[in-house]
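Chemist: Before I ask anything, here is the structure I am working with.
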Amino acid sequence: MGKLICIGVLTSGGDSPGMNAAIRAVVRAGRYHGLDVQGITSGYDGLIKGKFRRLMSRDVSGIIQKGGTILKTARSEEFRTPEGRKKAFSKLVKAKIDALVVIGGDGSFKGANIFGKEYEFPVIGIPGTIDNDLFGTDYTIGYDTALNTVVQAIDKIRDTASSHNRLFFVEVMGRDAGFIALRGGIATGAEAILIPEVKTNLEQLKSYLEKDHKRKKSSNIIIVSEGDDAGGAYEIANKVRKDLTNYDIRVTVLGHIQRGGSPSAFDRVMASKLGVAAVEALLEGRKNIMVGYMNREVVYIPFSKTIKYHRHLDNSLLKIADILTI
């Protein structure tokens with residue numbers, strides 16, 4: 001690798017609150033160290049099409065508090081192909097971009113890893129996903145905000161559930177991981193939490209709810225991660241409805257409101273730390289790594305590890321959830 005003069009930054013995959021804070025940090029850290037910074041619009045698709053624009057410090061003013069991503073994001077099937085990656089490399093060479101910062105999740109890092117090795121091109125990843133499921137980091141950008149959005153929504157649902165003695169099944173995001181559901185359930189006092197990592201026993205759930213009815217509880221909230229093995233919230237509600245005739249059952253799917261909104265202070269600060277760390281990692285000659293956040297410290301994890309290994313749920317939280325539902 002020669003002297004680093006220009007870096008590119010893009011956001012890829014699902015958006016998450018705090019991505020703009022990370023973009024801002026990359027741009028300003030780059031400028032601080034005398035680097036030129038090119039923003040790449042629409043993720044890897046924009047990389048292939050050469051959608052680049054030079055970003056100065058003033059271009060990222062007033063974005064730290066905004067959700068989404070000013071660079072837009074998209075999934076690119078073409079980048080999965082050797083031909084697509086070849087086009088992307090030629091665009092980088094033509095624009096004289098020496099290194100790349102990718103803000104995204106597992107799928108984004110898989111693409112970055114292949115591309116970086118294929119062309120010996122320096123790539124640094126910043127974990128940006130509300131799922132918080134990446135190996136090698138305690139938190140991903142957007143998770144804290146999404147979790148607080150879920151808690152606020154369920155608190156409001158609890159108010160109306162108590163007023164009508166209703167049973168609510170609330171579906172949250174988490175196709176492959178139950179991090180949002182587990183912490184959200186504990187934080188809101190949910191009566192049950194259904195997640196992909198733990199097999200759901202519907203007979204046990206029905207028995208528990210029947211006992212709750214006899215205890216005359218004024219409300220019941222069941223949190224369902226969208227990837228639960230028994231199905232989503234609507235499917236599970238339909239499966240238990242015929243045996244729980246004493247309940248007025250409702251279903252709420254929180255959906256994409258979990259992705260939006262102004263990022264929390266935690267997400268803003270962490271995104272700022274990781275954005276600066278990504279630029280400094282490139283200046284140190286590092287490549288094909290993710291900058292993560294573990295034990296309140298910035299860490300460097302090879303892409304090969306973060307995409308190979310799966311981050312597991314905290315077993316102590318599973319135990320706490322079990323204890324508190326008695």
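If you're wondering about the labels, chains in the structure tokens are A, B, ... by order shown, residues count from 1 in each chain, ligands from 1 in order shown.
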Neighbouring residues of Thr11 in chain A were defined as those with any atom within 10 Å, considering only C-alpha atoms; residues of the same chain fewer than 6 positions away were excluded. Please report them as a list in words.
Modeler: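 Close residues of Thr11 in chain A: Met19, Asn20, Ala22, Ile23, Gly39, Ile40, Thr41, Ser42, Gly43, Tyr44, Gly68, Thr69, Ile70, Leu71, Lys72, Thr73, Ala74, Val101, Val102, Ile103, Gly104, Gly105, Ser108, Gly125, Ile126 and Gly128 of chain A.
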Chemist: Identify, with DSSP run on backbone atoms, the residues in range 157-232 of chain A assigned to strand (DSSP E or B), and express the list as JSON, numbers by chain.
Modeler: {"A": [166, 167, 168, 169, 170, 171, 172, 192, 193, 194, 220, 221, 222, 223, 224, 225]}
Chemist: Those residues you just picked out, can you put them in a file as a tab-separated table (two decimals), in the first residue's frame with C-alpha atoms?
Modeler:
```tsv
chain	number	residue	atom	x	y	z
A	166	ARG	CA	-56.07	-7.32	26.57
A	167	LEU	CA	-53.32	-9.73	25.56
A	168	PHE	CA	-50.90	-8.21	23.06
A	169	PHE	CA	-48.43	-10.09	20.88
A	170	VAL	CA	-45.80	-7.53	19.85
A	171	GLU	CA	-43.42	-8.43	17.02
A	172	VAL	CA	-39.96	-6.84	16.93
A	192	ALA	CA	-43.05	-13.89	27.77
A	193	ILE	CA	-40.23	-13.37	25.25
A	194	LEU	CA	-40.05	-15.57	22.16
A	220	ASN	CA	-50.22	-9.27	29.18
A	221	ILE	CA	-47.47	-8.47	26.71
A	222	ILE	CA	-45.78	-11.22	24.69
A	223	ILE	CA	-42.75	-10.09	22.70
A	224	VAL	CA	-42.04	-12.08	19.56
A	225	SER	CA	-38.83	-11.82	17.56
```
Chemist: When distances are computed from only C-alpha atoms, which of A:Glu197, A:Ala187, A:Met56, A:Val291 shows the smallest separation from Ser272 in chain A?
Modeler: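 Using only C-alpha atoms, the shortest distance to Ser272 in chain A belongs to A:Val291.
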Chemist: Between CA of Phe303 in chain A and CA of Gly34 in chain A, what is the distance in Å, rounded to a tenth?
Modeler: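 Spanning CA of Phe303 in chain A to CA of Gly34 in chain A is a straight-line distance of 27.0 Å.
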Chemist: Which polymer residues have any atom within 9 Å of an atom of range 237-250 of chain A, counting only C-alpha atoms, with same-chain residues fewer than 3 positions away left out, as a count of residues only?
Modeler: 18
Chemist: So, with only C-alpha atoms as the atoms that count, which of A:Thr188, A:Ala177, A:Thr129, A:Phe52 lies closest to Asp159 in chain A?
Modeler: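 Ranked by minimum distance to Asp159 in chain A, first place goes to A:Thr188.
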Chemist: Looking only at the backbone, which of the residues in range 233-313 of chain A does DSSP tag as alpha helix (DSSP H), as JSON, numbers by chain?
Modeler: {"A": [233, 234, 235, 236, 237, 238, 239, 240, 241, 265, 266, 267, 268, 269, 270, 271, 272, 273, 274, 275, 276, 277, 278, 279, 280, 281, 282, 283, 303, 304, 305, 306]}
